[in-house]
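The next block holds one structure in the form of C-alpha cells; read it before the comments.
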Amino acid sequence: MDGQASANFHKSNYLVADLNSTFQLIQHLLTAIEQGASPQSIARSMAEFWDATACGIWDGLQLTWYSSDANLPEPSGQTWQVPSQTPPQTINGYQGELRAEFTNGYLVLLRPEPWPADASLNDVTSVVAIGLRQHALKQEVHTAEQTLRQAQTLADERTAQLQSSQGLLTKLQAAGRRRVEQLDEANRLKDEFISTISHELRTPLTSMSLAIKMLRQPGIDLDRQTRYLDILQQQCAQEINLINDLLTIQQLETKQSDAKEDRQLIILESLLQPILANFRQTWATKNLQLQVSLPASCQWYSDGESLTRVLQELLTNAGKYAHPNTTVEFNAELKSGSVVITVSDQGKLIHAADIPHIFQKFRRGKDVTQQAVPGTGLGLALVKSLVQHLQGEVSVTSSGAEPLASTSFQVSFPLEEG
C-alpha cells in the first residue's frame, strides 16, 4: 500500500500519533492483516490500540472509518475536517479545525495528545508506509511461494501425465509388436495353406491323369480298366469334396445360408446308421472299434445335411488320429433342452498351445504337419462353421500321454421343435 498523507492543523499542533507507539502499531497492524481481519475491525483495533478518538483506512477506492465519538462526523471522500464553531466546539480536548487528506493505505488517527513542536505528520506516516511496504513485500513473497508451489504441483502433474503417456506408448508398442507377430503368423498359415491345398488339389489330378493315360494303352484287359476307372472315380470324388469344403466354408462365413430354410425332423438313430456303418467298414484295416451310446429317443428339427457333415468330419478326425487297436466312442445324451454329442478317441495329443486355434481355418498342429498326416486343415474349421450355422456350440479337450492320449470333441444343439 503506497502513497502519502498530509494534514493541515490550525490553532494547535495535534498530530496522528506519537512516534514510539508507531513501531508497535506496525507489528499489530501486520498481525491483524495476516489473520484476515476486515478493514472495519482493523480500524477499530488501531483506534483502541492508540486510545484514539477515530481511525480511518483509505485504500484508494473506499474509506473505512471508525470513531468512538458520536459528535465526530464521518469523512466524505478523501477529505475530512473538524469544522470551526463559535464558540469553538471541544472534541476530546481539541478545539478548532482539523483537516486530513487520505491516500492509498494510510491510517489517520485522532488523539488528544500533543505532539512535540518540531515533529511533523510525515515522521509518523513514513514509518507506517515503510512497515506496510514490508508487509506488501512479504505478501508478494508469500504469493510467489504459492505460485511456485502451484507450478511445482503442475509440473508433478505433467510429469505424471508424461509417465502415463510413456506407459501408454509402451503398451501401444507392445500391442504393435503383437499385431506384427499375428500378421506374420497369419502370413505363415496362408503360405502353409496354399502349399497344402496345392498339394491336395494336384495329387488327385495326378492320379486321374495317370489313370487316363493307362486306360489309353492298347490291349488293356477288363480288370485293369475297372481298377483305373475306380481310381478316377475315387480321385475325382476327393477333388470335388475338397472344392465343396472350400465353397461351403466361404458360404457360411458370408452368411449366405440359413439353417431354418432346410429344417427337417432329425431322428438321431436313423441318421447315424449309414454313417456308422461306413466308418466301421473303413476302420477295419486299422482295427478300430466303434462304441455307440444313444438315448432311447432323440429327435429334433435341424438341417440334416449340415448335421450329417458335422458327424462325418468328427468321426473322420477321430479315425485319422486314433491309435490302432483302440476304440472310438460316440455318445449322445439329452441335457437341459439340448442334445450333446461327444466323439472320443485314444491316440495323438492336442497340445495346450494348439487348443485355442484347433478350429481355425487352415490351422494344423505342428506335430501333424511335421509328421505329414494327410489333410488340408479344413475339416475342423468346417465343423465349427457348420455347428454355428446350426445354432450350436463345439469344444475340445485333450489330456494324457501318447500314444494313448484321450481327446474328446463335444457338440451341442438346441432341441428345436417344428
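We name chains A, B, ... following the order of the C-alpha cells; residues begin at 1 in each chain, and ligands are numbered from 1 as shown.
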Which residues of range 229-273 of chain A sit at most 12 Å from range 316-339 of chain A, using only C-alpha atoms? Give each one's shortest atom pair and distance in Å (one decimal place), in chain and ascending residue order, as JSON lines.
{"residue": "A:Ile266", "atom": "CA", "partner": "A:Val339", "partner_atom": "CA", "distance": 11.5}
{"residue": "A:Ile267", "atom": "CA", "partner": "A:Val339", "partner_atom": "CA", "distance": 11.7}
{"residue": "A:Leu268", "atom": "CA", "partner": "A:Ala332", "partner_atom": "CA", "distance": 9.0}
{"residue": "A:Glu269", "atom": "CA", "partner": "A:Ala332", "partner_atom": "CA", "distance": 10.1}
{"residue": "A:Leu272", "atom": "CA", "partner": "A:Phe330", "partner_atom": "CA", "distance": 10.3}
Would you mind exporting N, CA and C atoms of the selected residues as a JSON list (two decimals), in the first residue's frame?
[["chain", "number", "residue", "atom", "x", "y", "z"],
["A", 266, "ILE", "N", -35.13, -84.63, -37.42],
["A", 266, "ILE", "CA", -33.93, -85.47, -37.28],
["A", 266, "ILE", "C", -34.22, -86.54, -36.23],
["A", 267, "ILE", "N", -34.11, -87.79, -36.63],
["A", 267, "ILE", "CA", -34.13, -88.91, -35.68],
["A", 267, "ILE", "C", -32.70, -89.43, -35.64],
["A", 268, "LEU", "N", -32.02, -89.15, -34.52],
["A", 268, "LEU", "CA", -30.58, -89.35, -34.46],
["A", 268, "LEU", "C", -30.19, -90.79, -34.81],
["A", 269, "GLU", "N", -30.88, -91.77, -34.29],
["A", 269, "GLU", "CA", -30.50, -93.17, -34.55],
["A", 269, "GLU", "C", -30.58, -93.49, -36.04],
["A", 272, "LEU", "N", -27.75, -91.83, -37.98],
["A", 272, "LEU", "CA", -26.41, -92.37, -37.72],
["A", 272, "LEU", "C", -26.15, -93.71, -38.40]]
Original post:
Within 9 Å of Leu307 in chain A, counting only C-alpha atoms, which residues qualify if same-chain residues fewer than 4 places away don't, as a PyMOL selection string?
Top reply: chain A and resi 302-303+311-312+386-387+390
Now that the selection is made, can you save its residues with C-alpha atoms as a short mmCIF file (atom, residue, chain, number, x, y, z; two decimals), in the first residue's frame?
data_model
loop_
_atom_site.label_atom_id
_atom_site.label_comp_id
_atom_site.auth_asym_id
_atom_site.auth_seq_id
_atom_site.Cartn_x
_atom_site.Cartn_y
_atom_site.Cartn_z
CA SER A 302 -32.49 -79.20 -37.86
CA ASP A 303 -30.58 -79.08 -41.15
CA LEU A 311 -20.74 -86.03 -37.57
CA GLN A 312 -18.79 -87.34 -40.55
CA LEU A 386 -21.49 -75.80 -39.58
CA VAL A 387 -22.13 -76.03 -35.81
CA LEU A 390 -26.95 -74.89 -36.67
#
**OP:** Could you give me, as a PyMOL selection string, each residue of range 228-365 of chain A that DSSP assigns to alpha helix (DSSP H) when run on this structure's backbone?
**Re:** chain A and resi 228-253+268-282+304-321
Original post:
What gap, in Å, lies between CA of Arg178 in chain A and CA of His351 in chain A?
Top reply: 21.8 Å
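In terms of minimum interatomic distance to Phe359 in chain A, A:Ala381 ranks closest within A:Leu315, A:Ala381, A:Ala54, A:Val292, counting only C-alpha atoms.
CA of Ala401 in chain A sits 27.0 Å away from CA of Val310 in chain A.
You will find CA of Gln273 in chain A at 29.0 Å from CA of Ile350 in chain A.
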**OP:** Pull the strand (DSSP E) assignments for range 236-365 of chain A out of DSSP run on the backbone, and list those residues as JSON, numbers by chain.
**Re:** {"A": [263, 264, 265, 266, 267, 289, 290, 291, 292, 293, 299, 300, 301, 302, 303, 327, 328, 329, 330, 331, 332, 333, 334, 335, 338, 339, 340, 341, 342, 343, 344, 345, 346, 347]}
I need the residues from that last selection saved to file as an mmCIF file, in the first residue's frame (with N, CA and C atoms), if you can.
data_model
loop_
_atom_site.group_PDB
_atom_site.id
_atom_site.type_symbol
_atom_site.label_atom_id
_atom_site.label_comp_id
_atom_site.auth_asym_id
_atom_site.auth_seq_id
_atom_site.Cartn_x
_atom_site.Cartn_y
_atom_site.Cartn_z
ATOM 1 N N ARG A 263 -34.737 -77.021 -42.548
ATOM 2 C CA ARG A 263 -35.091 -77.794 -41.353
ATOM 3 C C ARG A 263 -35.923 -79.029 -41.715
ATOM 4 N N GLN A 264 -35.591 -80.096 -41.028
ATOM 5 C CA GLN A 264 -36.353 -81.329 -41.180
ATOM 6 C C GLN A 264 -36.284 -82.086 -39.869
ATOM 7 N N LEU A 265 -37.169 -83.050 -39.686
ATOM 8 C CA LEU A 265 -37.155 -83.833 -38.454
ATOM 9 C C LEU A 265 -35.951 -84.767 -38.456
ATOM 10 N N ILE A 266 -35.129 -84.627 -37.419
ATOM 11 C CA ILE A 266 -33.934 -85.467 -37.276
ATOM 12 C C ILE A 266 -34.217 -86.537 -36.232
ATOM 13 N N ILE A 267 -34.113 -87.791 -36.629
ATOM 14 C CA ILE A 267 -34.131 -88.911 -35.676
ATOM 15 C C ILE A 267 -32.702 -89.429 -35.637
ATOM 16 N N GLN A 289 -12.317 -100.040 -33.194
ATOM 17 C CA GLN A 289 -13.667 -100.393 -32.800
ATOM 18 C C GLN A 289 -14.495 -99.110 -32.596
ATOM 19 N N LEU A 290 -15.796 -99.214 -32.791
ATOM 20 C CA LEU A 290 -16.690 -98.078 -32.626
ATOM 21 C C LEU A 290 -17.747 -98.421 -31.585
ATOM 22 N N GLN A 291 -17.755 -97.685 -30.510
ATOM 23 C CA GLN A 291 -18.715 -97.910 -29.430
ATOM 24 C C GLN A 291 -19.716 -96.755 -29.423
ATOM 25 N N VAL A 292 -21.019 -97.076 -29.481
ATOM 26 C CA VAL A 292 -22.065 -96.063 -29.614
ATOM 27 C C VAL A 292 -23.015 -96.133 -28.428
ATOM 28 N N SER A 293 -23.344 -94.965 -27.877
ATOM 29 C CA SER A 293 -24.313 -94.871 -26.783
ATOM 30 C C SER A 293 -25.285 -93.750 -27.108
ATOM 31 N N GLN A 299 -34.880 -86.834 -30.985
ATOM 32 C CA GLN A 299 -35.267 -86.253 -32.255
ATOM 33 C C GLN A 299 -35.529 -84.753 -32.093
ATOM 34 N N TRP A 300 -35.230 -84.003 -33.141
ATOM 35 C CA TRP A 300 -35.451 -82.557 -33.162
ATOM 36 C C TRP A 300 -35.397 -82.085 -34.610
ATOM 37 N N TYR A 301 -35.725 -80.839 -34.818
ATOM 38 C CA TYR A 301 -35.716 -80.279 -36.164
ATOM 39 C C TYR A 301 -34.408 -79.526 -36.403
ATOM 40 N N SER A 302 -33.762 -79.850 -37.530
ATOM 41 C CA SER A 302 -32.493 -79.203 -37.855
ATOM 42 C C SER A 302 -32.211 -79.401 -39.340
ATOM 43 N N ASP A 303 -31.048 -78.894 -39.766
ATOM 44 C CA ASP A 303 -30.582 -79.080 -41.147
ATOM 45 C C ASP A 303 -29.869 -80.423 -41.209
ATOM 46 N N THR A 327 -10.510 -97.973 -29.350
ATOM 47 C CA THR A 327 -11.951 -97.799 -29.566
ATOM 48 C C THR A 327 -12.306 -96.323 -29.675
ATOM 49 N N VAL A 328 -13.082 -95.980 -30.689
ATOM 50 C CA VAL A 328 -13.631 -94.631 -30.818
ATOM 51 C C VAL A 328 -15.038 -94.651 -30.220
ATOM 52 N N GLU A 329 -15.314 -93.737 -29.315
ATOM 53 C CA GLU A 329 -16.608 -93.707 -28.624
ATOM 54 C C GLU A 329 -17.474 -92.587 -29.183
ATOM 55 N N PHE A 330 -18.728 -92.930 -29.453
ATOM 56 C CA PHE A 330 -19.717 -91.946 -29.913
ATOM 57 C C PHE A 330 -20.866 -91.955 -28.904
ATOM 58 N N ASN A 331 -21.006 -90.865 -28.152
ATOM 59 C CA ASN A 331 -22.033 -90.798 -27.109
ATOM 60 C C ASN A 331 -22.941 -89.601 -27.353
ATOM 61 N N ALA A 332 -24.247 -89.817 -27.148
ATOM 62 C CA ALA A 332 -25.217 -88.731 -27.240
ATOM 63 C C ALA A 332 -26.104 -88.770 -26.002
ATOM 64 N N GLU A 333 -26.430 -87.583 -25.458
ATOM 65 C CA GLU A 333 -27.313 -87.500 -24.297
ATOM 66 C C GLU A 333 -28.097 -86.196 -24.342
ATOM 67 N N LEU A 334 -29.230 -86.198 -23.648
ATOM 68 C CA LEU A 334 -30.098 -85.019 -23.597
ATOM 69 C C LEU A 334 -29.817 -84.246 -22.312
ATOM 70 N N LYS A 335 -29.543 -82.947 -22.462
ATOM 71 C CA LYS A 335 -29.241 -82.098 -21.310
ATOM 72 C C LYS A 335 -29.902 -80.733 -21.475
ATOM 73 N N SER A 338 -31.103 -79.575 -24.812
ATOM 74 C CA SER A 338 -30.107 -79.704 -25.882
ATOM 75 C C SER A 338 -29.707 -81.160 -26.027
ATOM 76 N N VAL A 339 -29.227 -81.517 -27.197
ATOM 77 C CA VAL A 339 -28.617 -82.813 -27.404
ATOM 78 C C VAL A 339 -27.114 -82.595 -27.460
ATOM 79 N N VAL A 340 -26.384 -83.331 -26.640
ATOM 80 C CA VAL A 340 -24.930 -83.178 -26.540
ATOM 81 C C VAL A 340 -24.285 -84.448 -27.095
ATOM 82 N N ILE A 341 -23.463 -84.293 -28.120
ATOM 83 C CA ILE A 341 -22.806 -85.416 -28.793
ATOM 84 C C ILE A 341 -21.301 -85.320 -28.551
ATOM 85 N N THR A 342 -20.703 -86.433 -28.108
ATOM 86 C CA THR A 342 -19.273 -86.463 -27.815
ATOM 87 C C THR A 342 -18.613 -87.573 -28.617
ATOM 88 N N VAL A 343 -17.542 -87.230 -29.327
ATOM 89 C CA VAL A 343 -16.758 -88.211 -30.081
ATOM 90 C C VAL A 343 -15.361 -88.239 -29.469
ATOM 91 N N SER A 344 -14.955 -89.395 -28.949
ATOM 92 C CA SER A 344 -13.679 -89.512 -28.229
ATOM 93 C C SER A 344 -12.803 -90.585 -28.874
ATOM 94 N N ASP A 345 -11.493 -90.350 -28.816
ATOM 95 C CA ASP A 345 -10.539 -91.333 -29.329
ATOM 96 C C ASP A 345 -9.319 -91.373 -28.441
ATOM 97 N N GLN A 346 -8.514 -92.392 -28.617
ATOM 98 C CA GLN A 346 -7.243 -92.535 -27.907
ATOM 99 C C GLN A 346 -6.130 -92.566 -28.933
ATOM 100 N N GLY A 347 -5.229 -91.612 -28.833
ATOM 101 C CA GLY A 347 -4.149 -91.548 -29.823
ATOM 102 C C GLY A 347 -3.319 -90.306 -29.626
#
